[in-house]
file target_3.txt (compact mmCIF, C-alpha atoms)
# COMPACT_ATOMS: atom_id res chain seq x y z
CA MET M 1 -24.34 -2.33 -20.03
CA ASN M 2 -24.39 1.01 -18.26
CA ARG M 3 -21.99 3.75 -19.24
CA ASP M 4 -21.40 7.40 -18.56
CA ASN M 5 -23.12 9.88 -20.87
CA SER M 6 -20.26 11.84 -22.44
CA GLU M 7 -22.76 14.46 -23.68
CA GLU M 8 -24.15 15.27 -20.21
CA MET M 9 -23.72 19.00 -19.54
CA PHE M 10 -21.77 20.24 -16.51
CA PRO M 11 -21.29 23.77 -15.25
CA VAL M 12 -17.74 25.07 -15.55
CA VAL M 13 -16.75 27.14 -12.51
CA ASP M 14 -13.95 29.23 -11.05
CA GLU M 15 -12.29 28.24 -7.76
CA THR M 16 -14.99 30.05 -5.75
CA GLY M 17 -17.76 28.01 -7.44
CA MET M 18 -19.01 30.84 -9.63
CA ILE M 19 -20.31 29.47 -12.94
CA THR M 20 -18.28 30.71 -15.89
CA GLY M 21 -19.70 28.46 -18.62
CA CYS M 22 -20.66 24.88 -19.38
CA ALA M 23 -19.16 21.84 -21.07
CA THR M 24 -19.98 18.17 -21.66
CA ARG M 25 -18.79 15.35 -19.41
CA GLY M 26 -16.57 14.25 -22.30
CA GLU M 27 -14.97 17.69 -22.53
CA CYS M 28 -14.46 17.88 -18.76
CA HIS M 29 -12.87 14.41 -18.61
CA ASN M 30 -10.64 14.55 -21.71
CA GLY M 31 -7.65 16.28 -20.15
CA SER M 32 -8.96 19.81 -20.82
CA LYS M 33 -8.83 20.58 -17.08
CA LEU M 34 -12.13 22.49 -17.25
CA LEU M 35 -12.96 23.04 -13.57
CA HIS M 36 -16.34 21.49 -12.78
CA PRO M 37 -18.09 21.10 -9.39
CA VAL M 38 -18.76 17.83 -7.59
CA VAL M 39 -20.11 16.71 -4.23
CA HIS M 40 -18.66 14.04 -1.95
CA LEU M 41 -20.48 12.62 1.06
CA HIS M 42 -18.50 10.60 3.59
CA VAL M 43 -20.92 8.26 5.38
CA PHE M 44 -19.98 6.99 8.83
CA ASP M 45 -21.79 4.58 11.13
CA ARG M 46 -22.04 5.18 14.88
CA SER M 47 -18.91 3.04 15.44
CA GLY M 48 -16.78 5.30 13.27
CA ASN M 49 -16.59 2.97 10.27
CA LEU M 50 -16.60 4.65 6.87
CA TYR M 51 -18.84 3.44 4.04
CA LEU M 52 -17.15 3.16 0.64
CA GLN M 53 -18.68 2.42 -2.74
CA LYS M 54 -17.12 0.18 -5.36
CA ARG M 55 -17.00 1.88 -8.73
CA PRO M 56 -18.36 -0.31 -11.54
CA ASP M 57 -16.11 -1.40 -14.37
CA TRP M 58 -18.08 0.71 -16.88
CA LYS M 59 -17.14 4.07 -15.27
CA ASP M 60 -14.95 6.35 -17.39
CA ILE M 61 -12.80 7.41 -14.40
CA GLN M 62 -11.20 4.88 -11.99
CA PRO M 63 -13.35 1.80 -12.76
CA GLY M 64 -13.34 -1.03 -10.23
CA LYS M 65 -11.83 0.95 -7.36
CA TRP M 66 -13.25 1.75 -3.93
CA ASP M 67 -14.27 5.36 -3.50
CA THR M 68 -16.12 7.91 -1.39
CA ALA M 69 -19.59 6.67 -0.37
CA VAL M 70 -21.35 9.29 -2.49
CA GLY M 71 -19.73 11.26 -5.25
CA GLY M 72 -21.26 13.00 -8.18
CA HIS M 73 -21.31 15.99 -10.44
CA ILE M 74 -23.44 19.04 -9.81
CA ASP M 75 -25.81 19.37 -12.75
CA LEU M 76 -26.58 22.60 -14.54
CA GLY M 77 -29.27 24.40 -12.55
CA GLU M 78 -28.52 22.62 -9.27
CA ASN M 79 -26.94 24.02 -6.15
CA VAL M 80 -24.58 22.04 -3.90
CA ASP M 81 -27.30 21.00 -1.43
CA MET M 82 -29.60 19.76 -4.20
CA ALA M 83 -26.82 17.75 -5.82
CA LEU M 84 -25.72 16.21 -2.51
CA ARG M 85 -29.24 15.05 -1.66
CA ARG M 86 -29.88 13.80 -5.23
CA GLU M 87 -26.64 11.81 -5.35
CA ALA M 88 -27.15 10.30 -1.86
CA LYS M 89 -30.61 9.11 -2.90
CA GLU M 90 -29.53 7.86 -6.35
CA GLU M 91 -26.41 6.03 -5.20
CA LEU M 92 -27.26 4.75 -1.70
CA GLY M 93 -30.99 5.28 -1.16
CA ILE M 94 -30.28 7.74 1.68
CA THR M 95 -33.01 10.38 1.91
CA ASP M 96 -33.29 11.51 5.52
CA PHE M 97 -29.91 12.69 6.79
CA ASN M 98 -28.14 15.69 8.23
CA PHE M 99 -24.73 16.62 6.92
CA THR M 100 -21.80 18.82 7.81
CA HIS M 101 -19.60 20.63 5.30
CA ILE M 102 -15.96 19.64 5.79
CA GLU M 103 -14.14 21.57 3.07
CA SER M 104 -14.19 22.67 -0.56
CA TYR M 105 -10.99 22.32 -2.58
CA VAL M 106 -9.66 21.76 -6.10
CA PHE M 107 -8.66 18.21 -7.10
CA GLU M 108 -6.66 17.71 -10.27
CA SER M 109 -5.68 14.50 -12.06
CA GLU M 110 -4.25 13.85 -15.52
CA ARG M 111 -7.77 13.80 -17.01
CA GLU M 112 -9.80 16.29 -15.02
CA LYS M 113 -10.01 19.15 -12.56
CA GLU M 114 -12.85 19.28 -10.02
CA LEU M 115 -14.08 21.71 -7.39
CA VAL M 116 -14.86 19.20 -4.64
CA ASN M 117 -17.47 20.06 -2.01
CA ALA M 118 -16.88 17.49 0.76
CA PHE M 119 -19.43 16.67 3.46
CA LYS M 120 -19.92 14.03 6.16
CA THR M 121 -22.89 12.36 7.80
CA VAL M 122 -23.44 9.69 10.43
CA ILE M 123 -26.25 7.19 9.83
CA ASP M 124 -27.86 4.34 11.76
CA SER M 125 -28.81 2.17 8.78
CA THR M 126 -26.90 0.28 6.12
CA PRO M 127 -26.96 2.00 2.72
CA GLU M 128 -28.51 0.17 -0.22
CA PRO M 129 -26.29 0.72 -3.27
CA SER M 130 -28.07 1.25 -6.58
CA ASP M 131 -27.08 -0.26 -9.90
CA GLU M 132 -24.97 2.87 -10.47
CA LEU M 133 -22.45 1.17 -8.16
CA ASP M 134 -20.82 -2.23 -7.90
CA GLY M 135 -21.77 -2.53 -4.24
CA GLY M 136 -20.33 -1.02 -1.11
CA ARG M 137 -19.64 -1.66 2.55
CA PHE M 138 -18.46 -0.12 5.79
CA TRP M 139 -14.69 -0.21 6.29
CA SER M 140 -12.94 0.21 9.61
CA ILE M 141 -10.40 3.00 9.74
CA GLU M 142 -7.72 0.34 10.33
CA GLU M 143 -8.74 -1.49 7.13
CA ILE M 144 -8.56 1.73 5.14
CA ASP M 145 -5.18 2.68 6.61
CA ALA M 146 -3.81 -0.80 5.78
CA ASN M 147 -4.87 -0.48 2.11
CA ILE M 148 -3.78 3.10 1.36
CA GLY M 149 -1.27 3.15 -1.50
CA LYS M 150 -2.04 -0.39 -2.69
CA GLY M 151 -4.25 0.50 -5.67
CA VAL M 152 -7.46 -0.48 -3.86
CA PHE M 153 -8.88 3.04 -3.62
CA THR M 154 -9.23 5.86 -6.13
CA PRO M 155 -6.43 8.43 -5.92
CA ASN M 156 -9.07 11.08 -5.22
CA PHE M 157 -10.38 9.15 -2.19
CA GLU M 158 -6.87 8.57 -0.85
CA GLN M 159 -5.96 12.24 -1.21
CA GLU M 160 -9.21 13.36 0.38
CA TYR M 161 -8.95 10.82 3.22
CA LYS M 162 -5.54 12.21 4.13
CA ARG M 163 -6.35 15.86 3.41
CA LEU M 164 -9.51 15.89 5.50
CA ASN M 165 -8.10 13.59 8.19
CA LEU M 166 -11.22 11.42 7.86
CA SER M 167 -9.94 8.88 10.36
CA ARG M 168 -10.70 11.51 13.01
CA LYS M 169 -14.01 12.84 11.62
CA ALA M 170 -16.42 10.05 12.53
CA ASN M 171 -18.16 12.03 15.26

call {"tool": "encode", "arguments": {"input": "target_3.txt", "output": "structure tokens"}}
result
Amino acid sequence: MNRDNSEEMFPVVDETGMITGCATRGECHNGSKLLHPVVHLHVFDRSGNLYLQKRPDWKDIQPGKWDTAVGGHIDLGENVDMALRREAKEELGITDFNFTHIESYVFESEREKELVNAFKTVIDSTPEPSDELDGGRFWSIEEIDANIGKGVFTPNFEQEYKRLNLSRKAN
């Protein structure tokens, strides 16, 4: 069975993204609130539907919930662009895409604190989820709105969906 590598090293950053140190995934996700950078890519189709991934049950954070199409940590030595392209390829097989930066902000839960770099793209194909995920599909904005607050989505996705007003960002 797959599982997250708790010894994987992440950069620790300040709220501007400046690296101030490093820590393991385990240290970043154990309630320490060490701020570490991540990328999120919101993938829309031409009809304005939003692709969401289903997190596998083996994930250490929010297993089994629907989440942002692409989400991943920025590795030591990577910049935001490199991490975004790597994660899009690893998770959904997307390699040729243009993206737009939406916003960077700090997300905090009981277990972690992340500097989120959120982007969007519009694609003409259907993503092909890797075995890092438990599948995925396009959701209509109406479907998403109807399921907000029902435990279907990760809290991070719900907060970001509302914060970034994603229902209006398809084009």

call {"tool": "residues_around", "arguments": {"input": "target_3.txt", "residues": "Gln62 (chain M)", "least_positions_apart": "3", "cutoff": "9 Å", "atoms": "all atoms listed in the file", "output": "VMD selection string"}}
result
chain M and resid 55 to 57 59 65 to 66 153 to 155

call {"tool": "closest_residue", "arguments": {"input": "target_3.txt", "among": "M:Asn156, M:Asn49, M:Ser167, M:Ser104", "to": "Val122 (chain M)", "atoms": "all atoms listed in the file"}}
result
M:Asn49

call {"tool": "atom_distance", "arguments": {"input": "target_3.txt", "atom1": "CA of Ser130 (chain M)", "atom2": "CA of Gly149 (chain M)"}}
result
27.3 Å

call {"tool": "closest_residue", "arguments": {"input": "target_3.txt", "among": "M:Lys120, M:Lys113, M:Arg85, M:His40", "to": "Val13 (chain M)", "atoms": "all atoms listed in the file"}}
result
M:Lys113

call {"tool": "closest_residue", "arguments": {"input": "target_3.txt", "among": "M:Val152, M:Val116, M:Leu166, M:Cys22", "to": "Gln53 (chain M)", "atoms": "only C-alpha atoms"}}
result
M:Val152

call {"tool": "closest_residue", "arguments": {"input": "target_3.txt", "among": "M:Glu112, M:Glu8, M:Asp14, M:Asp45", "to": "Trp139 (chain M)", "atoms": "all atoms listed in the file"}}
result
M:Asp45

call {"tool": "residues_around", "arguments": {"input": "target_3.txt", "residues": "Asp131 (chain M)", "least_positions_apart": "5", "cutoff": "10 Å", "atoms": "only C-alpha atoms", "output": "PyMOL selection string"}}
result
chain M and resi 2+56+90-92

call {"tool": "residues_around", "arguments": {"input": "target_3.txt", "residues": "Ser125 (chain M)", "least_positions_apart": "3", "cutoff": "12 Å", "atoms": "all atoms listed in the file", "output": "VMD selection string"}}
result
chain M and resid 43 to 47 51 92 to 97 121 to 122 128 137 to 138

call {"tool": "closest_residue", "arguments": {"input": "target_3.txt", "among": "M:Gly136, M:Pro129, M:Gly77, M:Gly64", "to": "Phe10 (chain M)", "atoms": "only C-alpha atoms"}}
result
M:Gly77

call {"tool": "decode", "arguments": {"input": "target_3.txt", "residues": "region 39-56 of chain M", "atoms": "N, CA, C and O atoms", "output": "PDB file, in the first residue's frame"}}
result
ATOM      1  N   VAL M  39       1.584  24.053  -3.891  1.00  0.00           N
ATOM      2  CA  VAL M  39       0.940  24.554  -5.100  1.00  0.00           C
ATOM      3  C   VAL M  39      -0.421  23.883  -5.238  1.00  0.00           C
ATOM      4  O   VAL M  39      -0.588  22.711  -4.884  1.00  0.00           O
ATOM      5  N   HIS M  40      -1.382  24.646  -5.728  1.00  0.00           N
ATOM      6  CA  HIS M  40      -2.709  24.136  -6.076  1.00  0.00           C
ATOM      7  C   HIS M  40      -3.008  24.569  -7.502  1.00  0.00           C
ATOM      8  O   HIS M  40      -2.794  25.734  -7.852  1.00  0.00           O
ATOM      9  N   LEU M  41      -3.503  23.644  -8.304  1.00  0.00           N
ATOM     10  CA  LEU M  41      -3.916  23.963  -9.665  1.00  0.00           C
ATOM     11  C   LEU M  41      -5.383  23.587  -9.817  1.00  0.00           C
ATOM     12  O   LEU M  41      -5.746  22.415  -9.663  1.00  0.00           O
ATOM     13  N   HIS M  42      -6.211  24.589 -10.096  1.00  0.00           N
ATOM     14  CA  HIS M  42      -7.631  24.365 -10.351  1.00  0.00           C
ATOM     15  C   HIS M  42      -7.804  24.190 -11.850  1.00  0.00           C
ATOM     16  O   HIS M  42      -7.451  25.074 -12.632  1.00  0.00           O
ATOM     17  N   VAL M  43      -8.315  23.018 -12.244  1.00  0.00           N
ATOM     18  CA  VAL M  43      -8.412  22.632 -13.648  1.00  0.00           C
ATOM     19  C   VAL M  43      -9.870  22.697 -14.084  1.00  0.00           C
ATOM     20  O   VAL M  43     -10.716  21.961 -13.562  1.00  0.00           O
ATOM     21  N   PHE M  44     -10.136  23.587 -15.029  1.00  0.00           N
ATOM     22  CA  PHE M  44     -11.479  23.749 -15.591  1.00  0.00           C
ATOM     23  C   PHE M  44     -11.529  23.176 -16.993  1.00  0.00           C
ATOM     24  O   PHE M  44     -10.519  23.154 -17.704  1.00  0.00           O
ATOM     25  N   ASP M  45     -12.736  22.736 -17.417  1.00  0.00           N
ATOM     26  CA  ASP M  45     -12.941  22.428 -18.829  1.00  0.00           C
ATOM     27  C   ASP M  45     -13.572  23.652 -19.489  1.00  0.00           C
ATOM     28  O   ASP M  45     -13.869  24.648 -18.819  1.00  0.00           O
ATOM     29  N   ARG M  46     -13.768  23.597 -20.790  1.00  0.00           N
ATOM     30  CA  ARG M  46     -14.286  24.759 -21.527  1.00  0.00           C
ATOM     31  C   ARG M  46     -15.726  25.112 -21.139  1.00  0.00           C
ATOM     32  O   ARG M  46     -16.180  26.219 -21.395  1.00  0.00           O
ATOM     33  N   SER M  47     -16.443  24.173 -20.489  1.00  0.00           N
ATOM     34  CA  SER M  47     -17.817  24.440 -20.046  1.00  0.00           C
ATOM     35  C   SER M  47     -17.883  25.050 -18.657  1.00  0.00           C
ATOM     36  O   SER M  47     -18.972  25.309 -18.153  1.00  0.00           O
ATOM     37  N   GLY M  48     -16.726  25.222 -18.024  1.00  0.00           N
ATOM     38  CA  GLY M  48     -16.706  25.813 -16.688  1.00  0.00           C
ATOM     39  C   GLY M  48     -16.806  24.816 -15.555  1.00  0.00           C
ATOM     40  O   GLY M  48     -16.929  25.198 -14.394  1.00  0.00           O
ATOM     41  N   ASN M  49     -16.745  23.520 -15.873  1.00  0.00           N
ATOM     42  CA  ASN M  49     -16.738  22.496 -14.831  1.00  0.00           C
ATOM     43  C   ASN M  49     -15.341  22.424 -14.222  1.00  0.00           C
ATOM     44  O   ASN M  49     -14.347  22.661 -14.909  1.00  0.00           O
ATOM     45  N   LEU M  50     -15.286  22.068 -12.960  1.00  0.00           N
ATOM     46  CA  LEU M  50     -14.027  22.048 -12.210  1.00  0.00           C
ATOM     47  C   LEU M  50     -13.650  20.605 -11.896  1.00  0.00           C
ATOM     48  O   LEU M  50     -14.456  19.856 -11.326  1.00  0.00           O
ATOM     49  N   TYR M  51     -12.432  20.219 -12.266  1.00  0.00           N
ATOM     50  CA  TYR M  51     -11.944  18.870 -12.003  1.00  0.00           C
ATOM     51  C   TYR M  51     -11.503  18.782 -10.546  1.00  0.00           C
ATOM     52  O   TYR M  51     -10.793  19.658 -10.045  1.00  0.00           O
ATOM     53  N   LEU M  52     -11.916  17.726  -9.859  1.00  0.00           N
ATOM     54  CA  LEU M  52     -11.480  17.465  -8.492  1.00  0.00           C
ATOM     55  C   LEU M  52     -10.889  16.067  -8.412  1.00  0.00           C
ATOM     56  O   LEU M  52     -11.347  15.144  -9.096  1.00  0.00           O
ATOM     57  N   GLN M  53      -9.885  15.919  -7.576  1.00  0.00           N
ATOM     58  CA  GLN M  53      -9.284  14.614  -7.331  1.00  0.00           C
ATOM     59  C   GLN M  53      -9.865  14.035  -6.051  1.00  0.00           C
ATOM     60  O   GLN M  53     -10.267  14.763  -5.146  1.00  0.00           O
ATOM     61  N   LYS M  54      -9.909  12.708  -5.993  1.00  0.00           N
ATOM     62  CA  LYS M  54     -10.306  12.035  -4.759  1.00  0.00           C
ATOM     63  C   LYS M  54      -9.038  11.573  -4.070  1.00  0.00           C
ATOM     64  O   LYS M  54      -8.215  10.846  -4.641  1.00  0.00           O
ATOM     65  N   ARG M  55      -8.871  12.026  -2.821  1.00  0.00           N
ATOM     66  CA  ARG M  55      -7.678  11.659  -2.066  1.00  0.00           C
ATOM     67  C   ARG M  55      -7.774  10.199  -1.632  1.00  0.00           C
ATOM     68  O   ARG M  55      -8.803   9.761  -1.142  1.00  0.00           O
ATOM     69  N   PRO M  56      -6.704   9.433  -1.816  1.00  0.00           N
ATOM     70  CA  PRO M  56      -6.748   8.022  -1.407  1.00  0.00           C
ATOM     71  C   PRO M  56      -6.799   7.876   0.115  1.00  0.00           C
ATOM     72  O   PRO M  56      -6.423   8.782   0.865  1.00  0.00           O
TER      73      PRO M  56
END
